[in-house]
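**Q** Just one file: model_14.txt, with compact mmCIF, C-alpha atoms.
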```
# COMPACT_ATOMS: atom_id res chain seq x y z
CA MET G 20 0.00 0.00 0.00
CA TYR G 21 2.83 2.39 0.88
CA LYS G 22 6.16 2.81 -0.85
CA TYR G 23 7.62 3.94 2.50
CA PRO G 24 5.65 2.12 5.22
CA LEU G 25 6.01 2.46 8.96
CA GLN G 26 7.74 -0.90 8.97
CA THR G 27 8.79 -3.38 6.31
CA ASP G 28 8.82 -7.15 6.67
CA ASN G 29 11.76 -8.12 8.86
CA PHE G 30 11.66 -11.74 7.72
CA SER G 31 13.28 -12.93 4.49
CA LEU G 32 12.29 -16.04 2.55
CA TRP G 33 15.22 -17.77 4.25
CA ASP G 34 13.80 -16.79 7.66
CA ARG G 35 10.39 -18.07 6.64
CA GLY G 36 11.99 -21.31 5.48
CA LYS G 37 13.55 -21.70 8.93
CA ALA G 38 10.16 -21.07 10.52
CA ALA G 39 8.54 -23.61 8.20
CA ALA G 40 11.16 -26.21 9.16
CA PHE G 41 10.53 -25.41 12.82
CA ILE G 42 6.79 -25.95 12.34
CA LEU G 43 7.24 -29.16 10.36
CA ASN G 44 9.50 -30.69 13.00
CA LYS G 45 6.93 -32.38 15.25
CA ALA G 46 9.46 -32.50 18.07
CA ASN G 47 9.09 -28.72 18.46
CA ARG G 48 6.40 -27.18 20.60
CA LEU G 49 4.44 -24.36 19.00
CA THR G 50 2.89 -23.13 22.22
CA PHE G 51 4.81 -21.76 25.25
CA GLY G 52 8.04 -23.69 25.78
CA PRO G 53 11.84 -23.82 25.28
CA GLN G 54 12.04 -21.19 22.52
CA THR G 55 10.44 -18.68 24.86
CA GLN G 56 12.98 -19.56 27.56
CA LYS G 57 15.80 -18.98 25.05
CA LEU G 58 14.31 -15.63 24.13
CA GLU G 59 14.09 -14.58 27.78
CA GLU G 60 17.71 -15.61 28.36
CA LYS G 61 18.84 -13.68 25.28
CA TRP G 62 17.15 -10.49 26.43
CA GLU G 63 18.51 -10.93 29.93
CA GLN G 64 21.98 -10.83 28.33
CA ILE G 65 21.08 -7.66 26.43
CA THR G 66 19.44 -5.73 29.28
CA GLY G 67 20.87 -7.28 32.43
CA SER G 68 17.26 -7.72 33.65
CA THR G 69 15.12 -10.78 34.29
CA GLY G 70 12.85 -11.20 31.28
CA VAL G 71 9.33 -12.61 31.43
CA ALA G 72 7.96 -12.98 27.89
CA THR G 73 4.30 -12.23 27.18
CA SER G 74 1.87 -12.46 24.29
CA SER G 75 2.16 -8.71 23.55
CA GLY G 76 3.46 -5.42 24.91
CA SER G 77 -0.03 -4.72 26.25
CA SER G 78 0.00 -8.08 28.08
CA ALA G 79 3.35 -7.11 29.55
CA ASN G 80 1.78 -3.93 30.94
CA HIS G 81 -1.07 -5.93 32.48
CA LEU G 82 1.43 -8.36 33.99
CA LEU G 83 3.47 -5.49 35.46
CA VAL G 84 0.37 -4.01 37.10
CA GLU G 85 -0.77 -7.36 38.50
CA SER G 86 2.71 -8.28 39.74
CA PHE G 87 2.98 -4.94 41.53
CA ILE G 88 -0.45 -5.03 43.16
CA GLN G 89 -0.33 -8.68 44.21
CA THR G 90 3.27 -8.59 45.48
CA HIS G 91 2.60 -5.63 47.76
CA LYS G 92 -1.02 -6.61 48.54
CA ILE G 93 -2.18 -3.05 47.89
CA ASN G 94 -5.80 -2.05 47.46
CA PRO G 95 -5.86 -0.65 43.89
CA LYS G 96 -8.02 2.25 45.11
CA ASP G 97 -5.04 3.33 47.23
CA ILE G 98 -2.77 3.62 44.17
CA VAL G 99 -2.35 6.81 42.15
CA VAL G 100 -0.50 6.55 38.84
CA PHE G 101 1.19 9.60 37.32
CA ALA G 102 1.28 9.24 33.55
CA PRO G 103 2.25 11.56 30.68
CA SER G 104 -0.73 13.06 28.85
CA THR G 105 0.63 11.86 25.52
CA THR G 106 1.05 8.09 25.58
CA TRP G 107 -0.60 4.89 24.37
CA SER G 108 -3.99 3.68 25.66
CA SER G 109 -2.76 0.25 26.77
CA SER G 110 -0.18 1.94 29.00
CA ILE G 111 -3.04 3.41 31.00
CA THR G 112 -5.93 0.97 30.82
CA PRO G 113 -4.38 -1.88 32.92
CA TRP G 114 -4.25 0.51 35.88
CA ILE G 115 -7.75 1.87 35.24
CA MET G 116 -9.22 -1.63 34.86
CA ARG G 117 -7.86 -2.46 38.33
CA GLY G 118 -9.46 0.66 39.84
CA CYS G 119 -6.33 2.78 40.29
CA LYS G 120 -6.49 6.55 40.04
CA ILE G 121 -4.73 8.13 37.04
CA VAL G 122 -3.24 11.62 37.16
CA PHE G 123 -2.17 12.89 33.77
CA VAL G 124 0.80 15.26 33.69
CA ASP G 125 1.67 17.44 30.71
CA ILE G 126 4.72 16.47 28.64
CA ASN G 127 7.83 18.41 27.70
CA LEU G 128 8.73 19.08 24.06
CA ARG G 129 12.34 17.92 24.36
CA ASP G 130 12.04 14.19 25.06
CA PHE G 131 8.20 14.01 25.03
CA SER G 132 8.13 12.53 28.53
CA PHE G 133 6.81 14.39 31.56
CA ASN G 134 7.08 18.08 32.19
CA TYR G 135 9.33 17.18 35.12
CA ASP G 136 8.62 20.33 37.15
CA LYS G 137 4.89 19.69 36.89
CA LEU G 138 5.37 16.04 37.80
CA GLU G 139 7.30 17.01 40.91
CA ALA G 140 4.62 19.52 41.89
CA GLU G 141 1.81 16.99 41.36
CA LEU G 142 3.53 14.33 43.45
CA SER G 143 3.83 16.70 46.39
CA GLY G 144 0.07 17.25 46.52
CA LYS G 145 -1.35 16.66 50.01
CA GLU G 146 -4.26 14.64 48.61
CA TYR G 147 -1.78 11.88 47.71
CA ASN G 148 0.05 11.74 51.06
CA ASN G 149 -1.53 8.46 52.20
CA LEU G 150 -1.56 6.80 48.78
CA THR G 151 0.95 4.58 47.01
CA LYS G 152 2.33 6.57 44.06
CA VAL G 153 3.55 5.19 40.74
CA ILE G 154 5.54 7.21 38.21
CA TRP G 155 4.85 5.61 34.82
CA PRO G 156 6.77 7.26 31.96
CA THR G 157 6.57 6.26 28.31
CA ALA G 158 9.53 6.28 25.92
CA LEU G 159 7.39 8.01 23.32
CA ILE G 160 8.39 7.09 19.72
CA GLY G 161 11.70 5.82 21.09
CA SER G 162 12.72 9.01 22.91
CA ILE G 163 14.20 8.13 26.31
CA PRO G 164 13.00 10.12 29.34
CA ASP G 165 15.41 11.90 31.68
CA ILE G 166 15.88 8.86 33.91
CA ASP G 167 18.17 10.64 36.38
CA ARG G 168 15.51 13.30 36.95
CA LEU G 169 12.80 10.69 37.37
CA LYS G 170 14.85 8.74 39.91
CA ASN G 171 15.58 11.93 41.81
CA ILE G 172 11.86 12.80 41.93
CA LYS G 173 11.09 9.31 43.18
CA LEU G 174 13.63 9.58 45.98
CA LYS G 175 12.05 12.82 47.18
CA ASN G 176 8.67 11.16 47.64
CA GLU G 177 7.80 8.38 50.07
CA GLN G 178 5.73 5.36 48.95
CA THR G 179 6.66 6.06 45.32
CA PHE G 180 7.56 3.51 42.66
CA LEU G 181 9.14 4.08 39.25
CA PHE G 182 8.27 1.76 36.38
CA GLY G 183 8.62 2.31 32.63
CA ASP G 184 6.80 1.56 29.39
CA PHE G 185 9.46 1.12 26.68
CA CYS G 186 7.25 -0.57 24.12
CA GLU G 187 8.48 1.83 21.44
CA THR G 188 12.16 1.31 22.06
CA THR G 189 13.54 -2.19 22.39
CA ILE G 190 17.06 -0.96 21.59
CA GLY G 191 17.19 2.31 23.53
CA THR G 192 20.09 3.20 25.82
CA TYR G 193 20.68 5.80 28.51
CA LYS G 194 24.26 6.65 29.51
CA ASP G 195 25.57 3.56 27.72
CA LYS G 196 23.23 1.14 29.52
CA HIS G 197 19.99 -0.32 28.24
CA CYS G 198 17.26 2.04 29.43
CA ILE G 199 15.22 -0.84 30.89
CA SER G 200 17.99 -1.65 33.39
CA TYR G 201 17.25 1.50 35.45
CA PHE G 202 13.70 0.52 36.46
CA ASP G 203 12.40 -1.94 39.04
CA MET G 204 10.04 -3.14 36.31
CA ALA G 205 9.62 -2.10 32.69
CA THR G 206 7.96 -3.40 29.55
CA THR G 207 8.66 -3.57 25.85
CA SER G 208 6.91 -4.79 22.71
CA PHE G 209 8.04 -6.94 19.82
CA PHE G 210 5.01 -6.07 17.68
CA TRP G 211 5.63 -6.28 13.92
CA ALA G 212 5.86 -2.48 13.54
CA HIS G 213 8.49 -2.07 16.28
CA GLU G 214 12.27 -2.24 16.12
CA ILE G 215 12.60 -5.96 16.90
CA CYS G 216 9.80 -8.21 15.68
CA GLY G 217 8.13 -11.29 17.14
CA ILE G 218 5.01 -10.54 15.10
CA GLU G 219 2.94 -10.36 18.32
CA LEU G 220 5.02 -10.60 21.49
CA GLY G 221 6.17 -8.53 24.46
CA MET G 222 8.27 -8.76 27.60
CA LEU G 223 8.21 -7.67 31.21
CA PHE G 224 11.67 -6.88 32.57
CA ILE G 225 12.36 -7.09 36.29
CA ASN G 226 15.31 -5.60 38.19
CA ASP G 227 13.84 -6.15 41.66
CA ASP G 228 13.62 -9.86 42.49
CA THR G 229 10.63 -9.13 44.74
CA TYR G 230 8.40 -9.34 41.66
CA VAL G 231 9.84 -12.39 39.90
CA ASN G 232 7.69 -15.13 41.47
CA ALA G 233 4.48 -13.18 41.10
CA ALA G 234 5.19 -12.39 37.45
CA HIS G 235 5.90 -16.02 36.51
CA SER G 236 2.87 -17.36 38.34
CA ILE G 237 0.40 -14.66 37.23
CA ARG G 238 1.51 -15.13 33.61
CA SER G 239 0.48 -18.81 33.82
CA HIS G 240 -2.97 -18.71 35.44
CA GLY G 241 -1.54 -18.28 38.96
CA LEU G 242 -0.06 -21.79 38.98
CA SER G 243 2.61 -22.82 41.46
CA LYS G 244 4.37 -24.96 38.85
CA ALA G 245 5.25 -21.77 36.93
CA LEU G 246 7.57 -20.58 39.72
CA PRO G 247 11.22 -20.53 38.57
CA SER G 248 12.57 -21.95 41.86
CA LYS G 249 12.34 -25.75 42.24
CA ALA G 250 12.82 -25.44 46.01
CA GLU G 251 9.86 -23.08 46.32
CA ARG G 252 7.68 -25.32 44.16
CA GLU G 253 8.51 -28.33 46.34
CA ALA G 254 7.87 -26.37 49.54
CA LEU G 255 4.39 -25.42 48.30
CA GLN G 256 3.70 -29.01 47.27
CA LYS G 257 4.58 -30.14 50.77
CA LYS G 258 2.49 -27.43 52.44
CA TYR G 259 -0.55 -28.05 50.25
CA HIS G 260 -0.12 -31.79 49.83
CA TYR G 261 -3.87 -32.24 49.38
CA ILE G 262 -3.77 -30.35 46.04
CA ASP G 263 -2.35 -31.89 42.87
CA LYS G 264 0.80 -29.97 41.92
CA GLU G 265 -0.35 -29.80 38.30
CA PHE G 266 -3.22 -27.48 39.20
CA MET G 267 -2.22 -25.66 42.36
CA PHE G 268 -3.24 -22.00 42.11
CA ILE G 269 -1.29 -19.76 44.48
CA THR G 270 -2.29 -16.34 43.16
CA HIS G 271 -4.82 -14.72 40.85
CA GLY G 272 -3.56 -15.09 37.30
CA SER G 273 -4.43 -15.38 33.66
CA ASN G 274 -2.72 -16.50 30.45
CA TYR G 275 -0.27 -13.84 29.30
CA ARG G 276 2.12 -16.39 27.75
CA PRO G 277 3.51 -16.11 24.20
CA THR G 278 3.82 -19.02 21.79
CA ASP G 279 7.12 -20.66 20.94
CA LEU G 280 6.42 -19.90 17.29
CA ASN G 281 6.41 -16.17 18.06
CA SER G 282 9.51 -16.60 20.19
CA PHE G 283 11.25 -18.42 17.32
CA PHE G 284 10.59 -15.48 15.00
CA CYS G 285 11.70 -13.01 17.69
CA LEU G 286 14.95 -14.91 18.30
CA MET G 287 15.78 -14.65 14.59
CA ASP G 288 15.15 -10.92 14.62
CA THR G 289 16.93 -10.36 17.94
CA ALA G 290 20.08 -11.77 16.29
CA ARG G 291 19.99 -8.63 14.10
CA TYR G 292 19.78 -6.29 17.12
CA HIS G 293 23.11 -4.52 16.53
CA GLN G 294 22.54 -4.33 12.78
CA TYR G 295 19.20 -2.57 13.33
CA ASP G 296 20.71 -0.28 15.96
CA ARG G 297 23.50 0.83 13.59
CA GLN G 298 21.15 1.34 10.65
CA ARG G 299 18.52 3.27 12.61
CA SER G 300 21.14 5.43 14.33
CA LYS G 301 22.80 6.21 11.01
CA MET G 302 19.51 7.21 9.37
CA TRP G 303 18.50 9.21 12.44
CA ARG G 304 21.69 11.27 12.44
CA TYR G 305 21.37 11.85 8.69
CA PHE G 306 17.75 12.97 9.14
CA LEU G 307 18.59 15.35 12.01
CA GLY G 308 21.56 16.83 10.16
CA ARG G 309 19.30 17.90 7.29
CA LEU G 310 16.02 18.56 9.06
CA PRO G 311 14.69 22.02 8.06
CA ASP G 312 14.80 24.69 10.77
CA LYS G 313 11.03 24.96 10.87
CA TYR G 314 10.89 21.60 12.68
CA MET G 315 11.88 20.76 16.27
CA ARG G 316 14.97 18.64 16.84
CA LEU G 317 15.35 15.74 19.26
CA ARG G 318 18.53 14.31 20.74
CA GLU G 319 21.05 12.83 18.33
CA ASP G 320 22.04 10.06 20.76
CA MET G 321 18.76 8.14 20.61
CA THR G 322 17.68 5.17 18.52
CA PRO G 323 14.22 6.26 17.40
CA PHE G 324 11.12 4.32 16.54
CA CYS G 325 10.24 6.69 13.69
CA LEU G 326 11.07 10.04 12.03
CA PRO G 327 9.03 12.79 13.73
CA PHE G 328 8.10 16.18 12.31
CA VAL G 329 7.03 18.76 14.89
CA PHE G 330 6.72 22.37 13.73
CA ASN G 331 8.62 24.99 15.73
CA GLU G 332 5.68 27.37 15.41
CA LYS G 333 1.99 26.65 15.56
CA LYS G 334 0.56 25.97 12.13
CA SER G 335 -2.97 25.94 10.82
CA GLU G 336 -4.66 22.58 10.29
CA ASN G 337 -4.68 23.28 6.54
CA ASP G 338 -0.91 23.91 6.47
CA ILE G 339 -0.15 20.69 8.32
CA ASN G 340 -2.58 18.62 6.27
CA SER G 341 -0.98 20.02 3.11
CA VAL G 342 2.43 18.62 4.14
CA LYS G 343 0.91 15.28 5.18
CA GLU G 344 -0.94 14.90 1.88
CA LYS G 345 2.22 15.64 -0.12
CA LEU G 346 4.01 12.90 1.77
CA ARG G 347 1.14 10.45 1.39
CA GLY G 348 0.97 11.28 -2.30
CA GLU G 349 4.58 10.11 -2.66
CA GLY G 350 3.93 6.88 -0.79
CA TRP G 351 4.88 7.76 2.80
CA GLU G 352 2.83 6.28 5.64
CA VAL G 353 2.02 9.21 7.95
CA ARG G 354 0.81 8.81 11.54
CA PRO G 355 -0.08 11.16 14.42
CA ILE G 356 2.43 11.15 17.28
CA ILE G 357 0.70 8.44 19.31
CA SER G 358 -2.19 10.02 21.20
CA PHE G 359 -3.21 12.92 23.40
CA ILE G 360 -4.93 10.49 25.75
CA PRO G 361 -7.07 12.83 27.95
CA LEU G 362 -8.69 14.15 24.76
CA ASN G 363 -9.97 10.70 23.77
CA PRO G 364 -13.58 9.69 24.55
CA ALA G 365 -12.57 6.83 26.86
CA PHE G 366 -10.51 9.12 29.12
CA LYS G 367 -11.82 12.68 29.03
CA ALA G 368 -14.58 12.24 31.66
CA ASN G 369 -16.63 15.43 31.91
CA HIS G 370 -14.01 17.87 30.62
CA THR G 371 -14.53 19.73 27.38
CA PRO G 372 -11.86 19.59 24.66
CA GLN G 373 -11.10 23.25 25.31
CA ASP G 374 -10.44 22.54 29.01
CA ILE G 375 -8.15 19.65 28.13
CA HIS G 376 -6.12 21.68 25.63
CA ARG G 377 -5.63 24.39 28.28
CA GLN G 378 -4.66 21.90 30.98
CA PHE G 379 -2.02 20.14 28.85
CA PRO G 380 -0.54 22.80 26.54
CA ASN G 381 2.49 20.78 25.38
CA SER G 382 0.47 17.66 24.60
CA SER G 383 -1.99 19.92 22.83
CA TYR G 384 0.83 21.46 20.77
CA LEU G 385 2.26 18.08 19.82
CA HIS G 386 -1.20 16.77 18.95
CA GLN G 387 -1.90 19.70 16.64
CA ASN G 388 1.55 20.32 15.17
CA GLY G 389 3.27 16.94 14.92
CA PHE G 390 3.24 13.74 12.91
CA TYR G 391 5.71 11.03 11.98
CA VAL G 392 6.73 8.68 9.20
CA GLY G 393 8.34 5.27 9.49
CA LEU G 394 12.02 4.55 10.00
CA ASN G 395 12.09 1.03 8.66
CA LYS G 396 15.14 -1.16 8.01
CA ASP G 397 15.02 -0.53 4.25
CA LEU G 398 15.14 3.27 4.43
CA ARG G 399 18.24 4.83 2.88
CA THR G 400 19.74 8.32 2.74
CA LYS G 401 18.34 8.96 -0.74
CA ASP G 402 14.86 8.26 0.63
CA ILE G 403 15.39 10.72 3.47
CA ASP G 404 16.53 13.35 0.96
CA LYS G 405 13.23 12.91 -0.90
CA LEU G 406 11.30 13.04 2.38
CA LEU G 407 12.92 16.27 3.55
CA LYS G 408 12.47 17.91 0.17
CA LEU G 409 8.74 17.19 0.35
CA SER G 410 8.57 18.45 3.95
CA ILE G 411 9.92 21.87 2.90
CA SER G 412 7.63 22.51 -0.05
```
For the structure just supplied, provide its representation as structure tokens.
**A**
Amino acid sequence: MYKYPLQTDNFSLWDRGKAAAFILNKANRLTFGPQTQKLEEKWEQITGSTGVATSSGSSANHLLVESFIQTHKINPKDIVVFAPSTTWSSSITPWIMRGCKIVFVDINLRDFSFNYDKLEAELSGKEYNNLTKVIWPTALIGSIPDIDRLKNIKLKNEQTFLFGDFCETTIGTYKDKHCISYFDMATTSFFWAHEICGIELGMLFINDDTYVNAAHSIRSHGLSKALPSKAEREALQKKYHYIDKEFMFITHGSNYRPTDLNSFFCLMDTARYHQYDRQRSKMWRYFLGRLPDKYMRLREDMTPFCLPFVFNEKKSENDINSVKEKLRGEGWEVRPIISFIPLNPAFKANHTPQDIHRQFPNSSYLHQNGFYVGLNKDLRTKDIDKLLKLSIS
């Protein structure tokens, strides 16, 4: 449909042949099994974090929320989650579906994460003194938040936890370490349109062992046999000897597990991790070095999910649509920069659109003056030259 899509097929005919051979070998499991374990181990090597693979990035977010609530035995109504006002719906809905309170905080226009001063002010509100607070940033379109600032804000506030949604950057780094390694728990996505592809797959990463048992058990219906520790499994079997170990439920869980077929695809693509990182970084630097002055610039030292265009000055809807249509006319897939969540029908409650635009001016600006095109593996400098020429005219 598009000459320059958001993402191109990561899998060659040779890759598909390998997958076909995997399927045809009846010794291989297609559902959850050893390929998933290999994938988790591979990503533990990359990030330094314990990986718990899930069926999608959204499932990973649900698993994070459940692992947090059940580990600490917190009433969800006593949890307040601070989230950026521009993010993805499935970053927010797992908390809402559990009855937690959401406080949206306006973004900044540098890294598209929180307006950090506003976040700090919101956290200090007296109405939250007796509540458990969660800071829940998003690495929007692959832009990494100011993690040092977030950790500093967390330390200033009691009963505060810092988790991260990195579903749009599986290869992002911060100060030469994988960004996921800085958070007690974080998530990513291996959806087909993201940097590393498992077709449909995600992962919860854990850097605080407190959550490991809960995550493994909740992912598999709440079963005791899903616990990684043999000693703990045997201790439970001894304690609850009157329950068959095959179906011993020790917590409230569901099925967030991926298939081994998805994991097989993701392992093939993960092997190209450094190749993708080099290619995306090269194209990103080339794009930034030639980006017209009328557009905002992001940091050069990031590995982005896409190529964003955000006007430096507010433009009319007609002006912006004119640029978008020129790009679409030449085969570029154009998307809005994720979503101004409080403006959407599911989240806006009783506020009018005008109230919401006033309350979140930076999200409003990004919503009205930004869009992006894909940065896929097949994009080359000559394509970016064409793109930038169209963006000027």
**Q** What does the structure give for the distance between atom CA of G:Ile237 and atom CA of G:Ser77, in Å to one decimal?
**A** 14.8 Å
**Q** For atom CA of G:Thr112 and atom CA of G:Leu317, determine how far apart the two atoms are, in Å to one decimal place.
**A** 28.4 Å
**Q** Measure the distance from atom CA of G:Phe30 to atom CA of G:Ser78 in Å and round it to one decimal.
**A**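 Answer for the atom CA of G:Phe30 to atom CA of G:Ser78 separation: 23.7 Å.
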**Q** For G:Asn340, which residue out of G:Gln387, G:Gly308, G:Ile121, G:Lys37 is the nearest one, using all atoms listed in the file?
**A** G:Gln387
**Q** Kindly indicate which residue among G:Asp374, G:Asp195, G:Asp28, G:Glu139 lies nearest to G:Glu214, using only C-alpha atoms for the distances.
**A**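 Using only C-alpha atoms, G:Glu214 sits closest to G:Asp28.
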**Q** Give me, as a compact mmCIF listing (two decimals) with C-alpha atoms, in the frame of the given file, all polymer residues having an atom no more than 12 Å from G:Met116, counting all atoms listed in the file and skipping those fewer than 2 positions away in the same chain.
**A**
```
# COMPACT_ATOMS: atom_id res chain seq x y z
CA ASN G 80 1.78 -3.93 30.94
CA HIS G 81 -1.07 -5.93 32.48
CA VAL G 84 0.37 -4.01 37.10
CA GLU G 85 -0.77 -7.36 38.50
CA PRO G 95 -5.86 -0.65 43.89
CA LYS G 96 -8.02 2.25 45.11
CA SER G 108 -3.99 3.68 25.66
CA SER G 109 -2.76 0.25 26.77
CA SER G 110 -0.18 1.94 29.00
CA ILE G 111 -3.04 3.41 31.00
CA THR G 112 -5.93 0.97 30.82
CA PRO G 113 -4.38 -1.88 32.92
CA TRP G 114 -4.25 0.51 35.88
CA GLY G 118 -9.46 0.66 39.84
CA CYS G 119 -6.33 2.78 40.29
CA LYS G 120 -6.49 6.55 40.04
CA ILE G 121 -4.73 8.13 37.04
```
**Q** Taking (4.5, 4.8, 7.1) in the file's coordinates as the center, which residues reach within 6 Å of it, counting only C-alpha atoms, put as an MDAnalysis selection string?
**A** chainID G and resid 23:25 351:353 392:393
**Q** Out of G:Ser382, G:Leu138, G:Tyr391, G:Trp303, which residue has the shortest atom-to-atom distance to G:Ile339 when counting all atoms listed in the file?
**A**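 Checking each candidate against G:Ile339, we get G:Tyr391 as the closest.
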**Q** So, with all atoms listed in the file as the atoms that count, which of G:Ala254, G:Phe266, G:Glu219, G:Leu128 lies closest to G:Phe330?
**A**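 Closest residue, counting all atoms listed in the file: G:Leu128.
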**Q** When you look at G:Leu406 with a cut-off of 12 Å (counting all atoms listed in the file), what residues show up, excluding the ones that are within fewer than 6 positions of it in the same chain? I need them as a list in words.
**A**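 The neighbour list is Lys22, Tyr23, Tyr305, Phe306, Arg309, Leu310, Pro311, Leu326, Pro327, Phe328, Val342, Lys343, Lys345, Leu346, Arg347, Gly348, Glu349, Gly350, Trp351, Glu352, Val353, Tyr391, Val392, Gly393, Leu394, Leu398, Arg399, Thr400 and Ser412 of chain G.
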**Q** What's the 12 Å shell around G:Glu332, counting all atoms listed in the file, without same-chain residues fewer than 4 positions away, as a PyMOL selection string?
**A** chain G and resi 312-315+328+338-339+384-385+387-389
**Q** Compare G:Ile160, G:Val329, G:Leu150, G:Ile166 by their minimum atom-to-atom distance to G:Ser358, counting all atoms listed in the file, and give me the closest one.
**A** G:Ile160
**Q** Axis-aligned box over every listed atom of stretch 283-291 of chain G, padded by 5 Å per side: centre and edges in Å to one decimal, as lines of an AutoDock Vina configuration file?
**A**
```
center_x = 15.3
center_y = -13.5
center_z = 16.2
size_x = 19.5
size_y = 19.8
size_z = 14.2
```
**Q** Which residue, G:Arg129, G:Arg117, G:Arg276, G:Ala205, has the smallest gap to G:Trp155 when you use all atoms listed in the file?
**A**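 Checking each candidate against G:Trp155, we get G:Ala205 as the closest.
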**Q** List the neighbours of G:His91 out to 12 Å using all atoms listed in the file; skip same-chain residues closer than 4 positions along the sequence, and give me the result as a count of residues only.
**A** 13
**Q** Do a neighbour search on G:Arg238 at 9 Å with all atoms listed in the file, toss out local chain neighbours closer than 4 positions, and write the hits as a ChimeraX atom specification.
**A** /G:71-73,82,233-234,242,245,272-276
